[in-house]
Every structure is written in structure tokens, then in C-alpha cells.
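**Q** Sharing a structure with you now.
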Amino acid sequence: MSERLADVSTRIATTRQLGSVIGALRAIAAARSREARMRLTAIQAYAQTIAGAIGEALALLPPYESPSAVPPSNGAAPATLCIALCAEQGFAGSFNERVLDAADAVAAGARFLIGGRGLSVQRMRGSEPDWSAPMIAHPDQVPALAGRIADALYARLDDAAIARVALVYAVPQAASFSVVRRWLLPFDYARFPVASRRFPPRIDLPPRELTARLALEYVFAELCEALLLSFAAENQARVQAMITAHANVAHKRDALEAEFRRVRQESITAEIVELSASGIDPAAAPSC
């Protein structure tokens, strides 16, 4: 009986330690999600600045030099490249599965995958991405990763007839997240209103080259924004997973404490019965 008491007591201590770990993970995830959302303002302001510059550059182009929305396919069948932003670490619930399900819905000819956990899930599904990289662990790493993705993307565009590029990532919600898809290519210049200025800006590049470079810069800003949103959503999903885990641990601890009380009562009852059977007055026996 004493061995059972010791075992239950050990399990109770273990659940308490596990609850402390879960609480710490939840706090860290919440702090990371909050920090990522705070960084979004700067990225969005940067994207708006580039968008305004594109509008001014478009105003400098003659009508016959308007940029084409569809890249040439070199005679090959157009293909789609899908960039899926998944999680790098675990304990994020169904985060990776939902992102990959949305990526599977895109008729992709190639796939770039960001995030180590997402890569593991992709391999469990029986396929290997064409290119992969670890997801960020801190918002400060966003520009570097966005640059790596952009370099790999443009290298792929040089080597293959990719006509469209889709970006699939998660966006944080109040208590959960949603998965969205954004088309990076073909670059839609029509979404940028052409600026109307009395005096055009002074430029050092031909208008067409300037417009193309600004488009590349805007794609970089879109990648940065998507990485921050995905990182925030990943940690939001981790917060929710830790809330569920904490509730399960608390329920298990309550059950163990009830079992401890029951086993302890059985032990006391068995000892009283033993003392009664030996002719010793239980009231005279030393208390437990």
C-alpha cells in the first residue's frame, strides 16, 4: 500500500512540473506572437512606400511600354510554384497540416517549404519539396530569410517556365488562425494607382527598369509581411495548444490527487483492521 502511495505521489509531482513547463511555453509563445504583430506596422509602412513609388514609376512609362502581367513561358506549359510557410518547432496543434492542405489545393508544379516541422509532415505525406529552409525563431531574422526565399525563387524562375507563384501562409486571429493564399507572380501592376503629379520625380534609371526593380522590392516586402504573420500565427496556435494541454494536465492532476486520497484512506483503514485483529486498541495506537 505504501508503494502505491509513493507512486501516486510521484505522478502528482510530475504533473505539477509538467504544468509549470506548459505554462512557460505558453508565456514564451504569447510573447513571440505579440512581438511579431508589433513589427508588422513597420513592414506594412515599407510596403506602402514602395507601392507609392511604383505608382509614380508607372506614370513615367509611355503606354506602349506598360509592363506585362504575364511572364513569358518560352513555349513550355506554364507551371505554378507554391511557397508554403510552416512551423519550425512543435506543439502547434494542426498548424502544419492546415497550411500544407491549403498548399496542396494549389495546382503546383514545384514547392518551396519553410519550417522544419512542416518539412517532417510533408515527408510523412510521401513527397519532398524542391527547396526548403528553416523558419525564423525571432522577428529579427525575417529580412534574411525573405532574401533567401527571393534568391531561390528568382533562380528557379531562370531555370524553369514558372508562370505563377503562390504564397500560402497562416494569419493570426483572435483565438486561432486562418490560412490564406497570395499570388506573388504574375506581378499585378493594376493594383497600384498611377500617380498624377504636376512635376514628375527625378530618376536615375529608365522608367521600365525602375518599375521592374520596385516590383522586386515589393515582392520582398510581401515575403517579409507573410513571414511575420506566419510566425505570429504559429505562436498563437502554440498558445492555444498549451491552453488545452494545461487543462488536460490539471484534470489529470485532480484525478491523481483524488486517487491519492482514496489510497491513503484505504491504507489507514487496512492498518486499523490489522490493529483490531491483533487485539490492540486502535485509539491507543500511534497516529499515522
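If you're wondering about the labels, chains in the C-alpha cells are A, B, ... by order shown, residues count from 1 in each chain, ligands from 1 in order shown.
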Step one, run DSSP on the backbone; step two, keep only residues of range 182-234 of chain A assigned to strand (DSSP E or B); then write them as a list in words.
**A**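 Answer for range 182-234 of chain A, restricted to strand (DSSP E or B): Arg182, Trp183, Leu184 and Leu185 of chain A.
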**Q** Can you pull out the residues contacting Pro172 in chain A? Cut-off 10 Å, using only C-alpha atoms, and skip same-chain residues under 6 positions away; I want them as a list in words.
**A**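 Counting only C-alpha atoms, the residues come to Ser33, Arg37, Ser178, Val179, Leu229, Ser230, Phe231, Ala232, Ala233, Glu234, Asn235, Gln236 and Ala237 of chain A.
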**Q** Save the residues we just selected, N, CA and C atoms, as an mmCIF file, in the first residue's frame?
**A**
```cif
data_model
loop_
_atom_site.group_PDB
_atom_site.id
_atom_site.type_symbol
_atom_site.label_atom_id
_atom_site.label_comp_id
_atom_site.auth_asym_id
_atom_site.auth_seq_id
_atom_site.Cartn_x
_atom_site.Cartn_y
_atom_site.Cartn_z
ATOM 1 N N SER A 33 4.408 35.933 -30.330
ATOM 2 C CA SER A 33 3.313 36.341 -31.204
ATOM 3 C C SER A 33 3.058 37.842 -31.091
ATOM 4 N N ARG A 37 3.560 40.777 -34.134
ATOM 5 C CA ARG A 37 2.496 41.689 -34.553
ATOM 6 C C ARG A 37 2.943 43.143 -34.435
ATOM 7 N N SER A 178 -6.076 31.567 -39.473
ATOM 8 C CA SER A 178 -6.631 31.152 -40.756
ATOM 9 C C SER A 178 -5.503 31.059 -41.766
ATOM 10 N N VAL A 179 -5.699 30.291 -42.820
ATOM 11 C CA VAL A 179 -4.685 30.094 -43.855
ATOM 12 C C VAL A 179 -5.123 30.839 -45.106
ATOM 13 N N LEU A 229 3.552 37.365 -40.225
ATOM 14 C CA LEU A 229 2.202 36.894 -39.932
ATOM 15 C C LEU A 229 2.197 35.402 -39.621
ATOM 16 N N SER A 230 2.960 34.631 -40.396
ATOM 17 C CA SER A 230 3.025 33.193 -40.161
ATOM 18 C C SER A 230 3.649 32.885 -38.806
ATOM 19 N N PHE A 231 4.708 33.617 -38.456
ATOM 20 C CA PHE A 231 5.364 33.412 -37.163
ATOM 21 C C PHE A 231 4.411 33.742 -36.012
ATOM 22 N N ALA A 232 3.663 34.837 -36.168
ATOM 23 C CA ALA A 232 2.688 35.201 -35.144
ATOM 24 C C ALA A 232 1.590 34.144 -35.045
ATOM 25 N N ALA A 233 1.111 33.647 -36.191
ATOM 26 C CA ALA A 233 0.054 32.637 -36.188
ATOM 27 C C ALA A 233 0.545 31.322 -35.602
ATOM 28 N N GLU A 234 1.787 30.951 -35.922
ATOM 29 C CA GLU A 234 2.360 29.719 -35.357
ATOM 30 C C GLU A 234 2.373 29.779 -33.837
ATOM 31 N N ASN A 235 2.809 30.892 -33.296
ATOM 32 C CA ASN A 235 2.872 31.015 -31.843
ATOM 33 C C ASN A 235 1.488 31.171 -31.228
ATOM 34 N N GLN A 236 0.552 31.778 -31.981
ATOM 35 C CA GLN A 236 -0.822 31.826 -31.499
ATOM 36 C C GLN A 236 -1.396 30.418 -31.410
ATOM 37 N N ALA A 237 -1.113 29.588 -32.414
ATOM 38 C CA ALA A 237 -1.552 28.192 -32.375
ATOM 39 C C ALA A 237 -0.905 27.446 -31.215
#
```
**Q** May I have the residues within 12 Å of Ala27 in chain A as JSON, numbers by chain, using only C-alpha atoms and disregarding those fewer than 4 positions away in the same chain?
**A** {"A": [20, 21, 22, 23, 31, 32, 33, 34, 235, 236, 238, 239, 240, 242, 243]}
**Q** Separation of CA of Gln89 in chain A and CA of Ser120 in chain A, in Å?
**A** 10.7 Å
**Q** Tell me, as a list of chain:residue names, which residues lie within 9 Å of Ala195 in chain A, counting only C-alpha atoms; anything in the same chain fewer than 6 positions away does not count.
**A**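 Non-adjacent residues within range: A:Gly52, A:Ala53, A:Ile54, A:Gly55, A:Glu56, A:Ala57, A:Leu58, A:Ala59.
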**Q** Do you know which residues are at most 9 Å from range 184-194 of chain A counting only C-alpha atoms, after dropping those on the same chain fewer than 2 positions away, and could you put them as an NGL selection string?
**A** :A and (51-52 or 54-59 or 67-71 or 163-167 or 182 or 196 or 215 or 219 or 222-223)
**Q** For the residues in the current selection, export C-alpha atoms as a tab-separated table (two decimals), in the first residue's frame.
**A**
```tsv
chain	number	residue	atom	x	y	z
A	51	ALA	CA	3.60	50.88	-53.66
A	52	GLY	CA	3.55	54.67	-53.94
A	54	ILE	CA	5.53	52.02	-58.23
A	55	GLY	CA	2.56	54.26	-58.93
A	56	GLU	CA	4.90	57.17	-59.71
A	57	ALA	CA	7.13	54.99	-61.88
A	58	LEU	CA	4.14	53.74	-63.86
A	59	ALA	CA	3.19	57.35	-64.62
A	67	PRO	CA	4.76	46.21	-68.02
A	68	SER	CA	3.28	42.87	-68.91
A	69	ALA	CA	1.41	41.00	-66.18
A	70	VAL	CA	2.30	37.56	-67.52
A	71	PRO	CA	5.93	36.40	-67.78
A	163	ALA	CA	4.20	31.30	-64.84
A	164	ARG	CA	2.65	31.74	-61.39
A	165	VAL	CA	3.96	31.83	-57.83
A	166	ALA	CA	1.60	31.33	-54.88
A	167	LEU	CA	2.43	32.12	-51.26
A	182	ARG	CA	-1.46	35.26	-52.09
A	196	SER	CA	-0.76	62.11	-61.01
A	215	ALA	CA	8.31	45.31	-58.23
A	219	VAL	CA	7.72	41.17	-53.54
A	222	GLU	CA	5.30	40.83	-49.21
A	223	LEU	CA	7.56	37.97	-48.18
```
